[in-house]
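Shown next: model-v5.tsv, containing TSV, C-alpha atoms and all ligand atoms.
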```tsv
chain	number	residue	atom	x	y	z
A	1	MET	CA	-21.08	-25.61	-28.23
A	2	SER	CA	-24.27	-27.65	-28.25
A	3	SER	CA	-25.16	-26.28	-24.81
A	4	MET	CA	-24.64	-22.77	-26.20
A	5	ARG	CA	-26.95	-23.52	-29.13
A	6	HIS	CA	-29.57	-24.83	-26.71
A	7	ARG	CA	-29.28	-21.71	-24.58
A	8	LEU	CA	-29.75	-19.57	-27.69
A	9	ALA	CA	-32.79	-21.67	-28.70
A	10	SER	CA	-34.26	-21.05	-25.24
A	11	LEU	CA	-33.65	-17.29	-25.52
A	12	ILE	CA	-35.39	-17.18	-28.91
A	13	GLU	CA	-38.25	-19.28	-27.55
A	14	ALA	CA	-38.64	-16.91	-24.60
A	15	GLN	CA	-38.58	-13.83	-26.84
A	16	ALA	CA	-41.18	-15.35	-29.16
A	17	GLU	CA	-43.43	-16.18	-26.21
A	18	ARG	CA	-43.40	-12.54	-25.23
A	19	LEU	CA	-44.52	-11.64	-28.76
A	20	GLY	CA	-47.72	-13.70	-28.43
A	21	PRO	CA	-49.15	-17.11	-29.34
A	22	SER	CA	-48.66	-16.86	-33.11
A	23	ALA	CA	-44.98	-16.01	-32.70
A	24	SER	CA	-44.34	-18.79	-30.23
A	25	SER	CA	-45.91	-21.45	-32.48
A	26	SER	CA	-43.83	-20.21	-35.45
A	27	THR	CA	-41.07	-22.10	-37.11
A	28	HIS	CA	-37.91	-20.22	-36.24
A	29	VAL	CA	-34.84	-20.00	-38.44
A	30	ALA	CA	-31.65	-18.38	-37.14
A	31	ILE	CA	-28.71	-17.79	-39.49
A	32	ILE	CA	-25.12	-17.14	-38.36
A	33	LEU	CA	-22.42	-16.68	-41.01
A	34	SER	CA	-18.69	-17.24	-40.58
A	35	HIS	CA	-16.17	-14.66	-41.68
A	36	PRO	CA	-14.63	-14.81	-45.15
A	37	THR	CA	-10.88	-14.93	-45.75
A	38	ARG	CA	-9.70	-11.34	-46.01
A	39	TYR	CA	-6.85	-10.41	-48.32
A	40	MET	CA	-4.03	-7.93	-47.84
A	41	THR	CA	-3.34	-7.99	-51.52
A	42	ASN	CA	-3.73	-10.39	-54.41
A	43	ASP	CA	-3.61	-13.99	-53.05
A	44	ILE	CA	-2.03	-12.89	-49.74
A	45	PRO	CA	-4.53	-13.42	-46.92
A	46	TYR	CA	-4.51	-11.79	-43.50
A	47	PRO	CA	-4.35	-14.34	-40.66
A	48	PHE	CA	-7.89	-15.72	-40.54
A	49	HIS	CA	-10.05	-14.54	-37.68
A	50	GLN	CA	-13.35	-16.31	-37.17
A	51	ASN	CA	-16.62	-14.49	-36.45
A	52	GLN	CA	-16.79	-15.08	-32.71
A	53	ASP	CA	-20.57	-15.44	-32.65
A	54	PHE	CA	-20.26	-18.26	-35.19
A	55	LEU	CA	-17.31	-19.82	-33.37
A	56	TYR	CA	-19.13	-19.64	-30.03
A	57	LEU	CA	-22.11	-21.58	-31.39
A	58	SER	CA	-20.36	-24.02	-33.72
A	59	GLY	CA	-16.73	-24.42	-32.63
A	60	PHE	CA	-15.83	-24.37	-36.33
A	61	LEU	CA	-12.74	-22.43	-37.37
A	62	GLU	CA	-12.96	-22.38	-41.17
A	63	PRO	CA	-14.00	-19.44	-43.36
A	64	ASP	CA	-16.96	-19.52	-45.81
A	65	SER	CA	-19.24	-21.48	-43.46
A	66	ALA	CA	-22.65	-20.95	-41.90
A	67	LEU	CA	-24.77	-22.23	-39.05
A	68	VAL	CA	-28.55	-22.47	-39.26
A	69	LEU	CA	-30.71	-23.24	-36.26
A	70	HIS	CA	-34.32	-24.13	-36.87
A	71	GLY	CA	-37.34	-25.68	-35.24
A	72	LYS	CA	-41.02	-25.16	-34.47
A	73	GLY	CA	-41.40	-23.07	-31.32
A	74	ARG	CA	-37.76	-23.54	-30.49
A	75	PRO	CA	-34.87	-23.53	-32.99
A	76	ASP	CA	-32.91	-26.38	-31.43
A	77	GLN	CA	-31.91	-28.24	-34.59
A	78	ALA	CA	-28.61	-27.31	-36.15
A	79	ILE	CA	-27.38	-27.45	-39.73
A	80	LEU	CA	-23.79	-26.61	-40.50
A	81	PHE	CA	-22.60	-25.48	-43.94
A	82	VAL	CA	-18.92	-25.84	-44.75
A	83	PRO	CA	-16.60	-25.49	-47.78
A	84	ARG	CA	-16.34	-28.72	-49.75
A	85	ARG	CA	-13.04	-30.59	-49.94
A	86	ASP	CA	-10.96	-29.33	-52.86
A	87	PRO	CA	-7.49	-30.87	-53.27
A	88	GLY	CA	-6.47	-28.08	-55.65
A	89	ARG	CA	-7.30	-25.30	-53.15
A	90	GLU	CA	-6.16	-27.29	-50.13
A	91	LEU	CA	-2.69	-27.53	-51.66
A	92	TRP	CA	-2.42	-23.73	-51.24
A	93	ASP	CA	-4.76	-22.88	-48.35
A	94	GLY	CA	-4.23	-25.92	-46.12
A	95	PRO	CA	-6.57	-28.81	-45.38
A	96	ARG	CA	-10.32	-28.42	-45.03
A	97	SER	CA	-12.51	-30.51	-42.77
A	98	GLY	CA	-15.16	-31.16	-45.39
A	99	LYS	CA	-18.62	-32.40	-44.44
A	100	ASP	CA	-17.57	-35.56	-42.59
A	101	GLY	CA	-14.70	-33.87	-40.81
A	102	ALA	CA	-16.91	-30.99	-39.72
A	103	ALA	CA	-19.55	-33.37	-38.38
A	104	ALA	CA	-16.94	-35.29	-36.39
A	105	LEU	CA	-15.37	-32.06	-35.13
A	106	THR	CA	-18.51	-30.21	-34.07
A	107	GLY	CA	-20.94	-33.01	-33.26
A	108	ILE	CA	-23.47	-31.42	-35.61
A	109	GLU	CA	-24.93	-34.34	-37.54
A	110	ARG	CA	-26.45	-32.46	-40.44
A	111	VAL	CA	-23.70	-30.88	-42.52
A	112	HIS	CA	-24.02	-29.52	-46.06
A	113	SER	CA	-21.69	-27.88	-48.52
A	114	ILE	CA	-21.84	-24.11	-48.32
A	115	GLU	CA	-23.16	-23.90	-51.91
A	116	GLU	CA	-26.40	-25.45	-50.65
A	117	LEU	CA	-27.09	-22.76	-48.06
A	118	GLY	CA	-29.62	-20.79	-50.14
A	119	ALA	CA	-31.53	-23.88	-51.26
A	120	VAL	CA	-31.75	-25.32	-47.73
A	121	LEU	CA	-32.88	-21.97	-46.34
A	122	LYS	CA	-35.66	-21.83	-48.91
A	123	SER	CA	-36.77	-25.37	-48.03
A	124	LEU	CA	-37.01	-24.56	-44.30
A	125	LYS	CA	-39.89	-22.12	-44.78
A	126	GLY	CA	-39.42	-20.39	-41.47
A	127	THR	CA	-42.14	-18.03	-40.35
A	128	MET	CA	-39.76	-16.17	-38.07
A	129	LEU	CA	-36.28	-15.31	-39.18
A	130	TRP	CA	-33.45	-14.37	-36.78
A	131	TYR	CA	-30.58	-12.73	-38.62
A	132	ASP	CA	-28.58	-9.51	-38.55
A	133	THR	CA	-28.92	-7.66	-41.84
A	134	SER	CA	-26.65	-4.82	-40.76
A	135	GLN	CA	-22.94	-5.52	-41.25
A	136	PRO	CA	-23.30	-9.14	-42.41
A	137	ALA	CA	-20.33	-11.22	-41.22
A	138	HIS	CA	-19.84	-12.61	-44.74
A	139	PRO	CA	-20.96	-10.16	-47.42
A	140	ARG	CA	-20.72	-12.64	-50.31
A	141	LEU	CA	-22.72	-15.40	-48.59
A	142	HIS	CA	-25.18	-12.76	-47.43
A	143	GLN	CA	-25.68	-11.51	-50.97
A	144	ALA	CA	-25.83	-14.89	-52.71
A	145	HIS	CA	-27.72	-17.07	-50.23
A	146	VAL	CA	-29.46	-15.01	-47.56
A	147	CYS	CA	-30.73	-12.00	-49.51
A	148	PRO	CA	-33.11	-14.03	-51.72
A	149	VAL	CA	-34.66	-15.54	-48.58
A	150	LEU	CA	-34.92	-12.09	-46.96
A	151	GLU	CA	-36.66	-10.68	-50.01
A	152	ALA	CA	-39.26	-13.45	-49.98
A	153	GLY	CA	-39.85	-13.63	-46.24
A	154	PRO	CA	-40.76	-11.56	-43.20
A	155	THR	CA	-38.42	-8.93	-41.75
A	156	PRO	CA	-35.82	-10.75	-39.67
A	157	ARG	CA	-35.39	-10.13	-35.96
A	158	THR	CA	-32.00	-9.17	-34.65
A	159	LEU	CA	-29.87	-12.02	-33.31
A	160	ARG	CA	-26.58	-10.45	-32.22
A	161	PRO	CA	-27.83	-8.99	-28.90
A	162	LEU	CA	-29.13	-12.43	-27.89
A	163	ILE	CA	-25.84	-14.15	-28.70
A	164	HIS	CA	-23.88	-11.42	-26.91
A	165	SER	CA	-25.98	-11.77	-23.79
A	166	LEU	CA	-25.02	-15.46	-23.78
A	167	ARG	CA	-21.36	-14.78	-24.56
A	168	ALA	CA	-21.18	-12.28	-21.70
A	169	LEU	CA	-21.74	-15.06	-19.15
A	170	LYS	CA	-18.70	-17.28	-19.13
A	171	SER	CA	-18.83	-20.97	-18.22
A	172	SER	CA	-16.15	-22.34	-15.90
A	173	ALA	CA	-14.39	-23.80	-18.96
A	174	GLU	CA	-14.29	-20.36	-20.57
A	175	VAL	CA	-13.06	-18.78	-17.33
A	176	ALA	CA	-10.26	-21.38	-17.18
A	177	LEU	CA	-9.11	-20.38	-20.70
A	178	MET	CA	-9.21	-16.70	-19.76
A	179	GLN	CA	-7.21	-17.37	-16.60
A	180	GLU	CA	-4.57	-19.10	-18.69
A	181	ALA	CA	-4.55	-16.15	-21.13
A	182	GLY	CA	-4.06	-13.87	-18.11
A	183	ARG	CA	-1.27	-16.03	-16.69
A	184	ILE	CA	0.62	-16.05	-20.01
A	185	THR	CA	0.29	-12.28	-20.33
A	186	ALA	CA	1.44	-11.68	-16.75
A	187	GLN	CA	4.52	-13.79	-17.44
A	188	ALA	CA	5.23	-11.85	-20.64
A	189	PHE	CA	4.94	-8.56	-18.70
A	190	ARG	CA	7.36	-9.73	-16.03
A	191	ARG	CA	9.88	-10.76	-18.69
A	192	THR	CA	9.47	-7.48	-20.58
A	193	MET	CA	10.00	-5.47	-17.39
A	194	ALA	CA	13.13	-7.43	-16.54
A	195	LEU	CA	14.46	-7.02	-20.07
A	196	SER	CA	13.69	-3.31	-20.23
A	197	GLN	CA	16.21	-2.54	-17.48
A	198	GLY	CA	19.13	-3.94	-19.43
A	199	ASP	CA	20.67	-2.79	-22.66
A	200	VAL	CA	17.79	-2.99	-25.07
A	201	ASP	CA	17.54	-2.23	-28.76
A	202	GLU	CA	15.44	0.90	-29.23
A	203	ALA	CA	13.64	-0.83	-32.07
A	204	VAL	CA	12.23	-3.14	-29.38
A	205	LEU	CA	11.55	-0.62	-26.66
A	206	PHE	CA	12.27	3.08	-26.79
A	207	ALA	CA	12.39	5.08	-23.57
A	208	LYS	CA	14.95	7.47	-22.17
A	209	ASP	CA	16.41	7.19	-18.69
A	210	GLY	CA	13.95	8.59	-16.17
A	211	GLU	CA	10.90	7.88	-18.34
A	212	MET	CA	8.10	5.43	-17.75
A	213	VAL	CA	6.87	2.76	-20.15
A	214	LEU	CA	3.15	2.13	-20.51
A	215	LEU	CA	2.48	-1.29	-21.97
A	216	ASP	CA	-1.06	-2.36	-22.84
A	217	GLY	CA	-1.04	-5.94	-24.05
A	218	GLY	CA	-2.65	-9.31	-24.00
A	219	CYS	CA	-2.86	-12.61	-25.76
A	220	GLU	CA	-5.40	-14.98	-27.22
A	221	TYR	CA	-5.58	-18.51	-25.83
A	222	PHE	CA	-7.91	-20.96	-27.57
A	223	GLY	CA	-10.13	-18.10	-28.64
A	224	TYR	CA	-10.17	-16.22	-25.31
A	225	VAL	CA	-8.20	-13.08	-24.58
A	226	SER	CA	-6.53	-11.15	-21.80
A	227	ASP	CA	-5.99	-7.38	-21.63
A	228	ILE	CA	-3.49	-6.00	-19.14
A	229	THR	CA	-1.72	-2.65	-18.75
A	230	ARG	CA	1.27	-1.83	-16.58
A	231	THR	CA	3.30	1.35	-16.29
A	232	TRP	CA	6.85	1.17	-14.96
A	233	PRO	CA	10.03	3.26	-14.88
A	234	ILE	CA	12.51	2.21	-17.53
A	235	ASN	CA	15.48	2.57	-15.16
A	236	GLY	CA	13.83	0.48	-12.46
A	237	LYS	CA	13.18	3.36	-10.07
A	238	PHE	CA	10.15	5.65	-9.91
A	239	SER	CA	10.89	9.36	-9.44
A	240	PRO	CA	8.96	11.00	-6.55
A	241	ALA	CA	6.39	12.51	-8.98
A	242	GLN	CA	6.01	9.20	-10.83
A	243	THR	CA	5.50	7.44	-7.49
A	244	GLU	CA	2.80	9.91	-6.45
A	245	LEU	CA	0.91	9.60	-9.73
A	246	TYR	CA	1.27	5.82	-9.82
A	247	GLU	CA	0.03	5.38	-6.27
A	248	SER	CA	-2.97	7.63	-6.94
A	249	VAL	CA	-4.01	5.50	-9.90
A	250	LEU	CA	-3.32	2.29	-7.97
A	251	GLU	CA	-5.49	3.42	-5.08
A	252	VAL	CA	-8.34	4.24	-7.47
A	253	GLN	CA	-7.90	0.89	-9.21
A	254	ARG	CA	-8.08	-0.97	-5.87
A	255	SER	CA	-11.29	0.83	-4.93
A	256	CYS	CA	-12.80	0.06	-8.35
A	257	LEU	CA	-11.76	-3.61	-8.09
A	258	SER	CA	-13.52	-3.86	-4.75
A	259	LEU	CA	-16.75	-2.73	-6.45
A	260	CYS	CA	-16.71	-5.60	-8.94
A	261	SER	CA	-19.63	-7.70	-7.75
A	262	PRO	CA	-23.06	-8.81	-9.00
A	263	GLY	CA	-25.60	-6.01	-9.34
A	264	VAL	CA	-23.06	-3.22	-9.91
A	265	SER	CA	-22.69	-1.92	-13.49
A	266	LEU	CA	-19.54	-0.90	-15.35
A	267	ASP	CA	-21.09	2.57	-15.72
A	268	HIS	CA	-21.49	2.79	-11.94
A	269	ILE	CA	-17.85	1.80	-11.43
A	270	TYR	CA	-16.94	4.40	-14.06
A	271	SER	CA	-18.68	7.24	-12.24
A	272	THR	CA	-17.08	6.13	-8.98
A	273	MET	CA	-13.69	6.10	-10.73
A	274	LEU	CA	-14.21	9.70	-11.92
A	275	ALA	CA	-15.12	10.86	-8.42
A	276	LEU	CA	-12.07	9.10	-6.94
A	277	LEU	CA	-9.74	10.44	-9.64
A	278	GLY	CA	-11.11	13.93	-8.96
A	279	ARG	CA	-10.17	13.51	-5.30
A	280	GLN	CA	-6.69	12.28	-6.25
A	281	LEU	CA	-6.19	15.25	-8.60
A	282	LYS	CA	-6.81	17.55	-5.64
A	283	ARG	CA	-4.51	15.55	-3.39
A	284	LEU	CA	-1.75	15.75	-6.02
A	285	GLY	CA	-2.20	19.50	-6.30
A	286	ILE	CA	-3.22	19.22	-9.94
A	287	LEU	CA	-6.60	20.69	-8.96
A	288	GLU	CA	-7.05	23.32	-6.30
A	289	ALA	CA	-8.50	22.06	-3.02
A	290	SER	CA	-11.45	24.43	-3.44
A	291	THR	CA	-12.50	22.93	-6.81
A	292	SER	CA	-16.21	21.99	-6.80
A	293	ASP	CA	-17.22	18.33	-7.18
A	294	ALA	CA	-18.75	19.03	-10.58
A	295	GLU	CA	-15.55	20.72	-11.80
A	296	ALA	CA	-13.43	17.88	-10.36
A	297	LEU	CA	-15.50	15.33	-12.30
A	298	LYS	CA	-15.05	17.33	-15.48
A	299	ALA	CA	-11.31	17.47	-14.88
A	300	ALA	CA	-11.19	13.72	-14.15
A	301	ARG	CA	-12.82	13.11	-17.53
A	302	ARG	CA	-10.14	15.27	-19.15
A	303	TYR	CA	-7.24	13.53	-17.43
A	304	CYS	CA	-8.75	10.08	-18.00
A	305	PRO	CA	-10.50	10.26	-21.36
A	306	HIS	CA	-11.63	6.61	-21.42
A	307	HIS	CA	-14.09	4.39	-19.58
A	308	VAL	CA	-13.09	2.41	-16.49
A	309	GLY	CA	-13.35	-0.84	-18.45
A	310	HIS	CA	-15.13	-3.08	-20.89
A	311	TYR	CA	-16.42	-6.65	-21.19
A	312	LEU	CA	-13.77	-9.21	-22.04
A	313	GLY	CA	-13.98	-12.66	-23.59
A	314	MET	CA	-13.46	-13.89	-27.13
A	315	ASP	CA	-12.92	-10.25	-28.07
A	316	VAL	CA	-10.87	-7.58	-26.35
A	317	HIS	CA	-13.82	-5.23	-26.41
A	318	ASP	CA	-16.24	-8.12	-26.05
A	319	THR	CA	-20.01	-8.28	-26.59
A	320	PRO	CA	-20.42	-4.65	-27.71
A	321	GLU	CA	-24.18	-5.22	-27.96
A	322	LEU	CA	-24.27	-5.37	-24.18
A	323	SER	CA	-24.76	-2.01	-22.47
A	324	ARG	CA	-22.30	-1.03	-19.76
A	325	SER	CA	-25.25	0.18	-17.71
A	326	GLN	CA	-26.34	-3.43	-17.24
A	327	PRO	CA	-25.78	-4.86	-13.75
A	328	LEU	CA	-22.83	-7.28	-13.65
A	329	GLN	CA	-23.70	-10.94	-13.17
A	330	PRO	CA	-21.65	-13.91	-11.95
A	331	GLY	CA	-19.64	-15.26	-14.89
A	332	MET	CA	-19.08	-11.90	-16.57
A	333	ALA	CA	-15.50	-10.88	-17.30
A	334	ILE	CA	-14.44	-7.23	-17.39
A	335	THR	CA	-11.36	-5.04	-17.29
A	336	ILE	CA	-10.70	-2.36	-14.67
A	337	GLU	CA	-8.28	0.22	-16.08
A	338	PRO	CA	-8.16	3.67	-14.50
A	339	GLY	CA	-5.49	6.05	-15.69
A	340	LEU	CA	-4.20	9.59	-15.45
A	341	TYR	CA	-2.42	11.24	-18.35
A	342	ILE	CA	-0.88	14.69	-18.12
A	343	CYS	CA	0.13	16.54	-21.27
A	344	GLU	CA	3.64	17.85	-21.49
A	345	ASP	CA	2.38	21.34	-22.40
A	346	ASN	CA	-0.26	21.57	-19.66
A	347	ASP	CA	0.91	24.61	-17.71
A	348	GLN	CA	-2.04	24.36	-15.30
A	349	VAL	CA	-0.29	21.42	-13.64
A	350	PRO	CA	2.77	21.38	-11.33
A	351	LYS	CA	5.84	20.99	-13.53
A	352	HIS	CA	6.98	17.63	-12.14
A	353	PHE	CA	3.77	15.92	-13.34
A	354	ARG	CA	3.89	17.20	-16.91
A	355	GLY	CA	4.42	14.56	-19.53
A	356	LEU	CA	3.56	11.67	-17.18
A	357	GLY	CA	0.89	9.09	-17.82
A	358	VAL	CA	-0.12	6.02	-15.82
A	359	ARG	CA	-2.69	3.32	-16.50
A	360	ILE	CA	-3.11	0.09	-14.52
A	361	GLU	CA	-5.40	-2.52	-16.04
A	362	ASP	CA	-6.43	-5.93	-14.75
A	363	ASP	CA	-9.02	-8.51	-15.76
A	364	VAL	CA	-11.79	-9.57	-13.40
A	365	VAL	CA	-14.33	-12.38	-13.38
A	366	ILE	CA	-17.48	-11.61	-11.42
A	367	ARG	CA	-18.37	-14.31	-8.90
A	368	GLU	CA	-21.38	-15.02	-6.74
A	369	LYS	CA	-21.48	-12.86	-3.63
A	370	GLU	CA	-19.95	-14.81	-0.80
A	371	ASP	CA	-22.07	-15.20	2.31
A	372	LEU	CA	-20.49	-13.27	5.11
B	1	MN	MN	-8.67	-2.74	-22.04
```
Would it be possible to restate this file's structure as structure tokens?
Ligand SMILES: [Mn+2]
Amino acid sequence: MSSMRHRLASLIEAQAERLGPSASSSTHVAIILSHPTRYMTNDIPYPFHQNQDFLYLSGFLEPDSALVLHGKGRPDQAILFVPRRDPGRELWDGPRSGKDGAAALTGIERVHSIEELGAVLKSLKGTMLWYDTSQPAHPRLHQAHVCPVLEAGPTPRTLRPLIHSLRALKSSAEVALMQEAGRITAQAFRRTMALSQGDVDEAVLFAKDGEMVLLDGGCEYFGYVSDITRTWPINGKFSPAQTELYESVLEVQRSCLSLCSPGVSLDHIYSTMLALLGRQLKRLGILEASTSDAEALKAARRYCPHHVGHYLGMDVHDTPELSRSQPLQPGMAITIEPGLYICEDNDQVPKHFRGLGVRIEDDVVIREKEDL
């Protein structure tokens, strides 16, 4: 986490340098809030989910916390704010780390109670503030501690895109966690497929003989996720039409997978996918052979109404601040998930394809181009 904080400090330093000499000699203050506990109903919380930007930079998993980075020219000093120990609350909510525990856990030496956030922020007197005012991660902390500082100080600069550009590039440790998440999910898929052929309770899995099951699933492993889709026949045997559709999608997926390398963008892979799906639609007889390329693309968009993939990491749809037009770089993780879905009532399509849908999704880590 400390290397991630240093990388963020370097990004802020570099941005400030571009803004001119007065910006780069400023004292920078960056504020990242944790998530609050969210409640289903009175006293009944949802499972807690940490703000991933905060988790990425602090490694701290408790609600009602905050991270402040500050420093002249380069915000490379960290202050962590955490909930104070409270035996009364801990009896109900579970143990808290407290200041000492948080310091030991995160390696951040300066730790305060969260109540002190506003006062410490005021004392830092930053000349450049880095904070996202839109959709604050913790509305109550935002209101009580950050708003007074915002009112007194300069307009803050946005922080989320910088953090997301760091989060997009996975370290080898992060890749290892994602590989494990992928392995666990693959195992769960194999077990589900095996189980689905036997006598299975329809509350668990409902499909009639001759139908296919599309399962889009994944898991979270130490904060990192997988996202996989498979489509298979419930009775263990594809019908001829199912085979044709499945193999079309598989062929497109293989071509798209082979494009996953540095310098290529997700948007580029997406437009390639549409062109390839258009070709498959003709081959399947869903489109007439004489259909123009432009019309085939339009049809491909109709039969596959989603993108070819998305960034993957701590979130399923990870780092949304990052455009899909950006060239992929080594260390990025993405999904590749072409599909074809044919409505039951689409009378433009040969009968045997109606009501069929196939998606195949896998997770990919971009690596350095190998020297040939
Ligand atoms: Mn996906």
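Taking only C-alpha atoms and all ligand atoms into account, the residues that come within 7 Å of ligand MN 1 (chain B) are Asp227, Ile228, Gly309, His310, Val316, Thr335, Glu337 and Glu361 of chain A.
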Keeping C-alpha atoms for every residue in the selection just given, could you write it to a file as a PDB file, in the frame of the given file?
```pdb
ATOM      1  CA  ASP A 227      -5.990  -7.380 -21.630  1.00  0.00           C
ATOM      2  CA  ILE A 228      -3.490  -6.000 -19.140  1.00  0.00           C
ATOM      3  CA  GLY A 309     -13.350  -0.840 -18.450  1.00  0.00           C
ATOM      4  CA  HIS A 310     -15.130  -3.080 -20.890  1.00  0.00           C
ATOM      5  CA  VAL A 316     -10.870  -7.580 -26.350  1.00  0.00           C
ATOM      6  CA  THR A 335     -11.360  -5.040 -17.290  1.00  0.00           C
ATOM      7  CA  GLU A 337      -8.280   0.220 -16.080  1.00  0.00           C
ATOM      8  CA  GLU A 361      -5.400  -2.520 -16.040  1.00  0.00           C
TER       9      GLU A 361
END
```
- From the set A:Pro45, A:Gly223, A:Pro95, A:Gly355, which residue has the shortest atom-to-atom contact distance to Tyr303 of chain A, counting all atoms listed in the file? A:Gly355
- Polymer residues at most 10 Å from (4.0, 0.6, -17.7) by all atoms listed in the file, as a ChimeraX atom specification: /A:189,193,212-216,229-234,246,357-360
- Message: Can you tell me which residues surround Arg96 of chain A at a distance of at most 12 Å, considering all atoms listed in the file, apart from same-chain residues fewer than 5 positions away, and format the answer as a PyMOL selection string?
- Response: chain A and resi 60-65+82-91+101-102+105+113
- Skip Val308 of chain A itself and residues of its chain fewer than 5 positions away, then list as an NGL selection string all residues within 9 Å of it, counting all atoms listed in the file. :A and (256 or 266-267 or 269-271 or 273-274 or 335-339)
Ref. answer, residues at most 12 Å from (-44.5, -9.8, -32.6) with only C-alpha atoms, as a tab-separated table (two decimals) with C-alpha atoms, keeping the file's coordinate frame:
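Saved result, out15.tsv, follows:
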```tsv
chain	number	residue	atom	x	y	z
A	15	GLN	CA	-38.58	-13.83	-26.84
A	16	ALA	CA	-41.18	-15.35	-29.16
A	17	GLU	CA	-43.43	-16.18	-26.21
A	18	ARG	CA	-43.40	-12.54	-25.23
A	19	LEU	CA	-44.52	-11.64	-28.76
A	20	GLY	CA	-47.72	-13.70	-28.43
A	21	PRO	CA	-49.15	-17.11	-29.34
A	22	SER	CA	-48.66	-16.86	-33.11
A	23	ALA	CA	-44.98	-16.01	-32.70
A	24	SER	CA	-44.34	-18.79	-30.23
A	25	SER	CA	-45.91	-21.45	-32.48
A	26	SER	CA	-43.83	-20.21	-35.45
A	127	THR	CA	-42.14	-18.03	-40.35
A	128	MET	CA	-39.76	-16.17	-38.07
A	129	LEU	CA	-36.28	-15.31	-39.18
A	154	PRO	CA	-40.76	-11.56	-43.20
A	155	THR	CA	-38.42	-8.93	-41.75
A	156	PRO	CA	-35.82	-10.75	-39.67
A	157	ARG	CA	-35.39	-10.13	-35.96
```
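Considering the residues A:Leu340, A:Leu195, A:Met314, A:Ala241 and counting all atoms listed in the file, Gln280 of chain A has its shortest atom-to-atom contact with A:Leu340.
Using only C-alpha atoms for every distance, the candidate list A:Leu328, A:Ala137, A:Val364, A:Leu287 yields A:Ala137 as the residue closest to His49 of chain A.
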- Message: From the options A:Arg354, A:Lys125, A:Lys99, A:His28, which residue's atoms come nearest to Ile286 of chain A, counting only C-alpha atoms?
- Response: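 Under the stated criterion, the closest residue is A:Arg354.
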- Query: Can you tell me, as a ChimeraX atom specification, what residues are no more than 8 Å from Val146 of chain A when counting only C-alpha atoms, ignoring any on the same chain fewer than 5 positions away?
  - Reply: /A:118,121,141
- Given only C-alpha atoms as the counted atoms, nearest of A:Ser292, A:Ser261, A:Thr319, A:Ser2 to Arg279 of chain A: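 Closest to Arg279 of chain A, using only C-alpha atoms: A:Ser292.
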I'd like the contact shell of Cys147 of chain A - 12 Å cut-off, all atoms listed in the file, skipping same-chain residues fewer than 3 positions apart - returned as a CSV table (one decimal) with C-alpha atoms, in the coordinates of the input.
```csv
chain,number,residue,atom,x,y,z
A,31,ILE,CA,-28.7,-17.8,-39.5
A,117,LEU,CA,-27.1,-22.8,-48.1
A,118,GLY,CA,-29.6,-20.8,-50.1
A,121,LEU,CA,-32.9,-22.0,-46.3
A,122,LYS,CA,-35.7,-21.8,-48.9
A,131,TYR,CA,-30.6,-12.7,-38.6
A,132,ASP,CA,-28.6,-9.5,-38.6
A,133,THR,CA,-28.9,-7.7,-41.8
A,136,PRO,CA,-23.3,-9.1,-42.4
A,138,HIS,CA,-19.8,-12.6,-44.7
A,139,PRO,CA,-21.0,-10.2,-47.4
A,140,ARG,CA,-20.7,-12.6,-50.3
A,141,LEU,CA,-22.7,-15.4,-48.6
A,142,HIS,CA,-25.2,-12.8,-47.4
A,143,GLN,CA,-25.7,-11.5,-51.0
A,144,ALA,CA,-25.8,-14.9,-52.7
A,150,LEU,CA,-34.9,-12.1,-47.0
A,151,GLU,CA,-36.7,-10.7,-50.0
A,152,ALA,CA,-39.3,-13.4,-50.0
A,153,GLY,CA,-39.8,-13.6,-46.2
A,154,PRO,CA,-40.8,-11.6,-43.2
A,155,THR,CA,-38.4,-8.9,-41.8
A,156,PRO,CA,-35.8,-10.8,-39.7
```
- Query: Given the choices A:Leu356, A:Leu205, A:Val149, A:Val264, which gets closest to Ala119 of chain A if the distance is worked out from only C-alpha atoms?
  - Reply: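 Of A:Leu356, A:Leu205, A:Val149, A:Val264, the one nearest Ala119 of chain A is A:Val149, counting only C-alpha atoms.
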Per residue of segment 321-370 of chain A within 10 Å of segment 163-173 of chain A, which atom pair is closest and at what distance in Å (one decimal), using only C-alpha atoms, listed by chain and increasing number, as CSV?
```
residue,atom,partner,partner_atom,distance
A:Glu321,CA,A:His164,CA,6.3
A:Leu322,CA,A:Ser165,CA,6.6
A:Ser323,CA,A:Ser165,CA,9.9
A:Leu328,CA,A:Leu169,CA,9.6
A:Gln329,CA,A:Leu169,CA,7.5
A:Pro330,CA,A:Leu169,CA,7.3
A:Gly331,CA,A:Leu169,CA,4.8
A:Met332,CA,A:Leu169,CA,4.9
A:Ala333,CA,A:Ala168,CA,7.3
A:Ile334,CA,A:Ala168,CA,9.5
A:Val365,CA,A:Lys170,CA,8.7
A:Ile366,CA,A:Leu169,CA,9.5
```
File dump, residues just selected, C-alpha atoms, as an mmCIF file, in the frame of the given file:
```cif
data_model
loop_
_atom_site.group_PDB
_atom_site.id
_atom_site.type_symbol
_atom_site.label_atom_id
_atom_site.label_comp_id
_atom_site.auth_asym_id
_atom_site.auth_seq_id
_atom_site.Cartn_x
_atom_site.Cartn_y
_atom_site.Cartn_z
ATOM 1 C CA GLU A 321 -24.180 -5.220 -27.960
ATOM 2 C CA LEU A 322 -24.270 -5.370 -24.180
ATOM 3 C CA SER A 323 -24.760 -2.010 -22.470
ATOM 4 C CA LEU A 328 -22.830 -7.280 -13.650
ATOM 5 C CA GLN A 329 -23.700 -10.940 -13.170
ATOM 6 C CA PRO A 330 -21.650 -13.910 -11.950
ATOM 7 C CA GLY A 331 -19.640 -15.260 -14.890
ATOM 8 C CA MET A 332 -19.080 -11.900 -16.570
ATOM 9 C CA ALA A 333 -15.500 -10.880 -17.300
ATOM 10 C CA ILE A 334 -14.440 -7.230 -17.390
ATOM 11 C CA VAL A 365 -14.330 -12.380 -13.380
ATOM 12 C CA ILE A 366 -17.480 -11.610 -11.420
#
```
